[in-house]
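All remarks here apply to the structure that follows.
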Amino acid sequence: MPELITVNEFIAETNEDYKAPTTSSFTTRMSHCRSTVAALEEALDVDRSVLHKIKKSVKAIHSSGLVHVDNEEQFIQSLEKFGDNCVCREDAEVGSAFLKFSVFTKELTSLFKNLLQNKQQENRAAIAGEERSLKGLL
């Protein structure tokens with residue numbers, strides 16, 4: 001693999017070429033510059049690919065979380081209906097237990113839904129911050 005060139009070396013070579021173009025060795029170091037740029041581009045492509053996979057995974061986790069919340073809400077409605085039916089059929093203790101369980105599950109579902117929303121906002125803020133910092137580098 002050809003030798004890579006550092007930023008400081010590149011700047012020094014460029015300054016030397018600018019000050020004394022006839023005695024400069026800049027053209028001989030051009031292959032080093034090309035190989036450095038190619039190595040950096042390859043690393044960026046790998047990073048971009050990994051970040052894309054992470055983004056897809058986070059979206060899938062969020063979507064499955066939302067589906068989970070929807071299923072829990074349907075479960076809560078079923079518990080409430082079953083509890084009401086038990087109370088009406090003179091099984092007040094059993095019906096009351098199902099109604100209490102539905103309230104408890106509703107509280108947990110609400111907390112989980114808030115957690116998902118907060119995480120989504122944090123992820124969006126982190127991605128926006130990273131995009132701003134990347135734009136500053138380019």
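A note on labels: chains of the structure tokens are A, B, ... as shown, every chain counts residues from 1, and ligands are counted from 1 in their shown order.
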Item to complete: Mind checking which residues fall within 12 Å of range 56-67 of chain A, counting only C-alpha atoms, ignoring those fewer than 3 positions away in the same chain, and posting them as number ranges by chain?
Response: A: 49-53, 70-74, 109-110, 112-124, 127
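Excluding range 7-16 of chain A itself and same-chain residues fewer than 4 positions from it, the residues having an atom within 8 Å of it are Ala20, Pro21, Ser24, Ser25, Phe26 and Cys33 of chain A, counting only C-alpha atoms.
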Fill in: Neighbour list for range 76-86 of chain A as a ChimeraX atom specification, cut-off 6 Å, only C-alpha atoms, skip fewer than 6 positions in-chain
/A:95,98-99,102
Worksheet item: From the set A:Val87, A:Asp47, A:Val94, A:Ile5, which residue has the shortest atom-to-atom contact distance to Met30 in chain A, counting only C-alpha atoms?
Response: A:Ile5
Item to complete: Would you list the contacts of Ala38 in chain A as a count of residues only, taking every protein, DNA or RNA residue within 12 Å and counting only C-alpha atoms, but skipping same-chain residues closer than 5 positions in sequence?
Response: 11
